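For reference, structure_33.tsv is printed below; it contains TSV, C-alpha atoms.
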chain	number	residue	atom	x	y	z
A	1	ALA	CA	14.71	-49.50	34.39
A	2	GLU	CA	18.01	-51.32	33.96
A	3	ARG	CA	17.05	-52.25	30.40
A	4	LEU	CA	16.22	-48.66	29.57
A	5	PHE	CA	19.54	-47.43	30.98
A	6	LEU	CA	21.45	-49.84	28.75
A	7	THR	CA	19.85	-48.27	25.65
A	8	LYS	CA	21.11	-44.76	26.52
A	9	GLY	CA	23.30	-43.25	23.77
A	10	LYS	CA	23.07	-46.29	21.47
A	11	ASP	CA	21.48	-47.01	18.14
A	12	VAL	CA	18.88	-49.76	17.72
A	13	SER	CA	21.28	-51.86	15.71
A	14	GLU	CA	23.86	-51.64	18.52
A	15	LEU	CA	21.51	-52.98	21.18
A	16	PRO	CA	22.29	-56.49	22.51
A	17	SER	CA	19.83	-59.20	21.55
A	18	HIS	CA	19.05	-60.21	25.14
A	19	LEU	CA	17.25	-56.87	25.67
A	20	PHE	CA	14.48	-57.87	23.31
A	21	THR	CA	11.62	-60.16	24.34
A	22	LYS	CA	12.27	-63.76	23.45
A	23	THR	CA	9.59	-65.99	21.98
A	24	LYS	CA	9.31	-69.74	21.98
A	25	PRO	CA	10.54	-71.53	18.86
A	26	GLY	CA	7.72	-72.15	16.47
A	27	GLY	CA	5.42	-69.89	18.43
A	28	LYS	CA	2.92	-67.82	16.53
A	29	GLY	CA	3.58	-64.16	16.18
A	30	GLY	CA	7.21	-64.39	17.29
A	31	ARG	CA	8.57	-62.28	14.45
A	32	SER	CA	5.95	-59.55	14.92
A	33	ASP	CA	6.60	-59.43	18.69
A	34	ASN	CA	10.32	-59.05	18.03
A	35	SER	CA	9.70	-56.13	15.65
A	36	LYS	CA	7.40	-54.48	18.17
A	37	GLN	CA	10.02	-54.73	20.90
A	38	LYS	CA	12.61	-53.17	18.60
A	39	GLU	CA	10.22	-50.33	17.83
A	40	ILE	CA	9.64	-49.68	21.53
A	41	ALA	CA	13.37	-49.75	22.22
A	42	GLY	CA	13.92	-47.24	19.40
A	43	MET	CA	11.35	-44.84	20.85
A	44	GLU	CA	12.96	-45.16	24.28
A	45	LEU	CA	16.31	-44.32	22.71
A	46	GLN	CA	14.82	-41.21	21.08
A	47	VAL	CA	13.37	-40.09	24.41
A	48	TYR	CA	16.79	-40.37	26.09
A	49	ARG	CA	18.43	-38.51	23.22
A	50	LEU	CA	15.87	-35.71	23.44
A	51	ALA	CA	16.45	-35.47	27.19
A	52	GLU	CA	20.19	-35.05	26.54
A	53	LEU	CA	19.57	-32.26	23.98
A	54	VAL	CA	17.33	-30.20	26.28
A	55	ALA	CA	19.29	-30.90	29.46
A	56	ASP	CA	21.01	-27.47	29.43
A	57	VAL	CA	17.74	-25.61	28.74
A	58	ARG	CA	16.00	-27.54	31.49
A	59	SER	CA	18.70	-26.78	34.07
A	60	GLU	CA	18.75	-23.07	33.13
A	61	THR	CA	14.96	-22.91	33.43
A	62	VAL	CA	15.09	-24.48	36.87
A	63	GLU	CA	17.77	-22.00	37.98
A	64	ASN	CA	15.75	-19.07	36.65
A	65	VAL	CA	12.60	-20.19	38.47
A	66	GLU	CA	14.51	-20.70	41.72
A	67	ARG	CA	16.14	-17.27	41.36
A	68	LYS	CA	12.74	-15.59	40.84
A	69	GLN	CA	11.28	-17.43	43.83
A	70	ALA	CA	14.15	-16.16	45.99
A	71	ARG	CA	13.36	-12.50	45.13
A	72	THR	CA	11.14	-10.30	47.24
A	73	GLU	CA	7.84	-8.97	45.90
A	74	GLY	CA	9.32	-5.51	45.29
A	75	GLU	CA	12.24	-6.92	43.31
A	76	ARG	CA	9.88	-8.98	41.15
A	77	GLU	CA	7.70	-5.94	40.37
A	78	GLU	CA	10.76	-3.84	39.50
A	79	SER	CA	12.08	-6.55	37.18
A	80	ASP	CA	8.71	-6.91	35.44
A	81	GLY	CA	8.54	-3.13	34.94
A	82	GLU	CA	11.98	-3.06	33.30
A	83	LEU	CA	10.99	-5.86	30.93
A	84	SER	CA	7.77	-4.08	29.91
A	85	GLU	CA	9.66	-0.81	29.26
A	86	ASP	CA	12.18	-2.64	27.09
A	87	ASP	CA	9.36	-4.25	25.09
A	88	ALA	CA	7.64	-0.86	24.64
A	89	ASP	CA	10.89	0.72	23.39
A	90	GLU	CA	11.36	-2.11	20.90
A	91	ASP	CA	7.77	-1.71	19.66
A	92	GLU	CA	8.26	2.05	19.17
A	93	ASP	CA	11.47	1.45	17.24
A	94	ASP	CA	9.70	-1.08	15.03
A	95	ASP	CA	6.77	1.27	14.32
A	96	ILE	CA	9.04	4.06	12.98
A	97	PRO	CA	10.79	2.94	9.78
A	98	TYR	CA	14.12	4.49	8.82
A	99	ASN	CA	13.22	7.05	6.15
A	100	PRO	CA	15.81	9.86	5.89
A	101	LYS	CA	14.71	10.91	2.36
A	102	ASN	CA	11.03	11.11	3.34
A	103	LEU	CA	9.99	8.57	0.70
A	104	PRO	CA	6.35	7.49	0.36
A	105	LEU	CA	5.37	4.30	2.20
A	106	GLY	CA	4.41	1.16	0.32
A	107	TRP	CA	1.71	-1.41	1.06
A	108	ASP	CA	3.91	-2.99	3.75
A	109	GLY	CA	4.35	0.26	5.66
A	110	LYS	CA	8.01	0.62	4.59
A	111	PRO	CA	9.52	3.30	2.32
A	112	ILE	CA	9.48	2.41	-1.37
A	113	PRO	CA	12.86	1.95	-3.13
A	114	TYR	CA	14.51	5.17	-4.29
A	115	TRP	CA	14.78	3.94	-7.90
A	116	LEU	CA	11.00	3.39	-7.94
A	117	TYR	CA	10.54	6.84	-6.42
A	118	LYS	CA	12.45	8.42	-9.34
A	119	LEU	CA	10.90	6.12	-11.95
A	120	HIS	CA	7.42	7.49	-11.19
A	121	GLY	CA	8.75	11.05	-11.09
A	122	LEU	CA	7.83	11.49	-7.44
A	123	ASN	CA	10.94	13.64	-6.97
A	124	ILE	CA	9.29	16.35	-9.15
A	125	SER	CA	6.84	18.73	-7.47
A	126	TYR	CA	3.99	20.56	-9.21
A	127	LYS	CA	2.20	23.52	-7.60
A	128	CYS	CA	-1.31	24.60	-8.56
A	129	GLU	CA	-2.39	28.15	-7.68
A	130	ILE	CA	-6.03	27.37	-8.50
A	131	CYS	CA	-6.02	24.66	-5.80
A	132	GLY	CA	-4.69	27.10	-3.20
A	133	ASN	CA	-0.99	26.50	-3.97
A	134	GLN	CA	-1.38	22.78	-3.34
A	135	THR	CA	1.72	20.74	-4.21
A	136	TYR	CA	1.48	17.42	-6.09
A	137	LYS	CA	4.26	14.84	-6.26
A	138	GLY	CA	4.84	13.24	-9.66
A	139	PRO	CA	3.20	13.79	-13.07
A	140	LYS	CA	0.56	11.12	-12.48
A	141	ALA	CA	-0.85	12.78	-9.37
A	142	PHE	CA	-0.60	16.19	-11.08
A	143	GLN	CA	-2.63	15.10	-14.12
A	144	ARG	CA	-5.19	13.30	-11.96
A	145	HIS	CA	-5.84	16.34	-9.75
A	146	PHE	CA	-7.50	18.30	-12.60
A	147	ALA	CA	-10.53	16.00	-12.28
A	148	GLU	CA	-10.60	16.02	-8.48
A	149	TRP	CA	-12.81	18.08	-6.19
A	150	ARG	CA	-10.13	20.57	-5.07
A	151	HIS	CA	-9.35	21.83	-8.57
A	152	ALA	CA	-13.02	21.78	-9.60
A	153	HIS	CA	-13.90	23.88	-6.54
A	154	GLY	CA	-11.17	26.40	-7.37
A	155	MET	CA	-12.43	26.73	-10.95
A	156	ARG	CA	-16.00	27.15	-9.71
A	157	CYS	CA	-14.90	29.98	-7.40
A	158	LEU	CA	-13.34	31.73	-10.42
A	159	GLY	CA	-16.57	31.34	-12.39
A	160	ILE	CA	-14.87	29.16	-15.00
A	161	PRO	CA	-16.14	25.75	-16.14
A	162	ASN	CA	-13.68	22.93	-15.46
A	163	THR	CA	-13.44	21.67	-19.04
A	164	ALA	CA	-10.67	20.09	-21.10
A	165	HIS	CA	-9.71	23.54	-22.43
A	166	PHE	CA	-8.07	24.29	-19.08
A	167	ALA	CA	-5.98	21.13	-18.80
A	168	ASN	CA	-2.48	21.81	-17.40
A	169	VAL	CA	-3.47	25.41	-16.49
A	170	THR	CA	-2.46	26.08	-12.89
A	171	GLN	CA	-2.18	29.90	-12.72
A	172	ILE	CA	-5.27	31.99	-12.04
A	173	LYS	CA	-4.32	34.74	-14.48
A	174	ASP	CA	-3.73	32.18	-17.25
A	175	ALA	CA	-7.10	30.56	-16.60
A	176	MET	CA	-8.90	33.96	-16.65
A	177	ALA	CA	-7.18	35.02	-19.87
A	178	LEU	CA	-8.03	31.75	-21.58
A	179	TRP	CA	-11.65	32.00	-20.43
A	180	GLU	CA	-11.99	35.51	-21.92
A	181	LYS	CA	-10.51	34.23	-25.18
A	182	ILE	CA	-12.94	31.30	-25.28
A	183	LYS	CA	-15.92	33.60	-24.60
A	184	ALA	CA	-14.84	35.96	-27.41
A	185	GLN	CA	-14.48	33.03	-29.77
A	186	LYS	CA	-17.93	31.78	-28.84
A	187	GLN	CA	-19.43	35.20	-29.55
A	188	GLU	CA	-17.81	35.27	-32.97
A	189	ASP	CA	-19.08	31.80	-33.76
A	190	ALA	CA	-22.58	32.54	-32.51
A	191	TRP	CA	-25.38	32.62	-35.06
A	192	LYS	CA	-26.33	36.17	-36.14
A	193	PRO	CA	-29.84	36.25	-37.65
A	194	GLU	CA	-29.47	39.65	-39.36
A	195	MET	CA	-26.42	38.42	-41.25
A	196	GLU	CA	-27.01	34.71	-41.68
A	197	GLU	CA	-30.80	34.41	-42.08
A	198	GLU	CA	-31.60	34.14	-45.80
A	199	PHE	CA	-34.57	35.50	-47.78
A	200	GLU	CA	-35.60	35.20	-51.44
A	201	ASP	CA	-36.87	38.22	-53.42
A	202	SER	CA	-39.47	38.23	-56.19
A	203	LYS	CA	-36.82	37.51	-58.79
A	204	GLY	CA	-35.50	34.44	-56.95
A	205	ASN	CA	-32.38	36.11	-55.58
A	206	VAL	CA	-31.25	34.89	-52.16
A	207	VAL	CA	-30.13	37.66	-49.81
A	208	ASN	CA	-29.61	37.96	-46.07
A	209	ARG	CA	-32.16	39.43	-43.75
A	210	LYS	CA	-30.60	42.89	-43.54
A	211	THR	CA	-30.40	43.29	-47.28
A	212	TYR	CA	-33.94	42.01	-47.73
A	213	GLU	CA	-35.36	44.53	-45.26
A	214	ASP	CA	-33.43	47.40	-46.93
A	215	LEU	CA	-34.82	46.45	-50.35
A	216	LYS	CA	-38.28	46.14	-48.91
A	217	ARG	CA	-38.16	49.62	-47.38
A	218	GLN	CA	-37.01	51.05	-50.72
A	219	GLY	CA	-39.84	49.29	-52.55
A	220	LEU	CA	-37.47	47.42	-54.84
A	221	LEU	CA	-38.94	44.00	-54.21
Output the file's structure as structure tokens, nothing else.
Amino acid sequence: AERLFLTKGKDVSELPSHLFTKTKPGGKGGRSDNSKQKEIAGMELQVYRLAELVADVRSETVENVERKQARTEGEREESDGELSEDDADEDEDDDIPYNPKNLPLGWDGKPIPYWLYKLHGLNISYKCEICGNQTYKGPKAFQRHFAEWRHAHGMRCLGIPNTAHFANVTQIKDAMALWEKIKAQKQEDAWKPEMEEEFEDSKGNVVNRKTYEDLKRQGLL
């Protein structure tokens, strides 16, 4: 114990030589035993140094334990309840991020930067009457919604096919007017047999079906 006390607060190089184990001259293993003793003395020095560093923490821990042991059972329960309430308040504060501009949350649960919010055009709102006046934030979400179920259901209720002709159409009256125009165009482009079906008369002339039937009735064929 006296040898250990002499090593307190000193470096290995500062230790006196008589603290190390002496070996007989010419004895085998003398140098290795000397190195081993130095190593042990160095570890002892580190232990003392560590004890000095944690001395304040150790004394405060002892005082805290003694103070808790001196309390009554009611005081201990009241103290534990206050600590649990403080922890719950801290958890609630941590769960609610500061978001005064109501920005969308990122993958980490925190609001995205405002410059990124404006870069993606999320500050621009688009309303679609066909979707029941649903509002979409940003052009990307607005363009994507035309292929989603809500818009397709609204078009189906209007009796209009949800095709590429109606891209970017959000008003019901615009969609109905465009659908009537498309139907009229389809009727004009439809094949009309009486006008487009061709026949050849006895002289090799090619005429349409209506003209052929008129000539046939007149006996000119």
Between CA of Glu60 in chain A and CA of Leu45 in chain A - distance in Å to one decimal: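 Atom-to-atom, CA of Leu45 in chain A and CA of Glu60 in chain A are spaced 23.8 Å apart.
CA of Val65 in chain A is positioned 24.0 Å from CA of Tyr48 in chain A.
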Interatomic distance, CA of Lys137 in chain A to CA of Asn123 in chain A (Å, one decimal): 6.8 Å
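For the set A:Arg49, A:Pro111, A:Leu116, A:Lys181, the residue with the smallest atom-to-atom gap to Tyr98 in chain A is A:Pro111, counting all atoms listed in the file.
Nearest residue to Cys128 in chain A among A:Asp108, A:Glu213, A:Asp189, A:Asp174 is A:Asp174, counting only C-alpha atoms.
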Residues within 12 Å of (13.5, 6.2, -6.2), counting only C-alpha atoms, listed as a list of chain:residue names: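 Residues with an atom at most 12 Å from (13.5, 6.2, -6.2): A:Lys101, A:Asn102, A:Leu103, A:Pro104, A:Leu105, A:Pro111, A:Ile112, A:Pro113, A:Tyr114, A:Trp115, A:Leu116, A:Tyr117, A:Lys118, A:Leu119, A:His120, A:Gly121, A:Leu122, A:Asn123, A:Ile124, A:Gly138.
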Residue with smallest distance to Lys173 in chain A - pool A:Ala55, A:Tyr212, A:Gln218, A:Glu129, counting only C-alpha atoms: A:Glu129
Polymer residues at most 12 Å from Gln143 in chain A, all atoms listed in the file, same-chain spacing of 2 or more positions, as a ChimeraX atom specification: /A:126-128,136-141,145-148,151,164,166-170
Output C-alpha atoms for every residue in the selection just made, as a JSON list (two decimals), keeping the file's coordinate frame.
[["chain", "number", "residue", "atom", "x", "y", "z"],
["A", 126, "TYR", "CA", 3.99, 20.56, -9.21],
["A", 127, "LYS", "CA", 2.20, 23.52, -7.60],
["A", 128, "CYS", "CA", -1.31, 24.60, -8.56],
["A", 136, "TYR", "CA", 1.48, 17.42, -6.09],
["A", 137, "LYS", "CA", 4.26, 14.84, -6.26],
["A", 138, "GLY", "CA", 4.84, 13.24, -9.66],
["A", 139, "PRO", "CA", 3.20, 13.79, -13.07],
["A", 140, "LYS", "CA", 0.56, 11.12, -12.48],
["A", 141, "ALA", "CA", -0.85, 12.78, -9.37],
["A", 145, "HIS", "CA", -5.84, 16.34, -9.75],
["A", 146, "PHE", "CA", -7.50, 18.30, -12.60],
["A", 147, "ALA", "CA", -10.53, 16.00, -12.28],
["A", 148, "GLU", "CA", -10.60, 16.02, -8.48],
["A", 151, "HIS", "CA", -9.35, 21.83, -8.57],
["A", 164, "ALA", "CA", -10.67, 20.09, -21.10],
["A", 166, "PHE", "CA", -8.07, 24.29, -19.08],
["A", 167, "ALA", "CA", -5.98, 21.13, -18.80],
["A", 168, "ASN", "CA", -2.48, 21.81, -17.40],
["A", 169, "VAL", "CA", -3.47, 25.41, -16.49],
["A", 170, "THR", "CA", -2.46, 26.08, -12.89]]
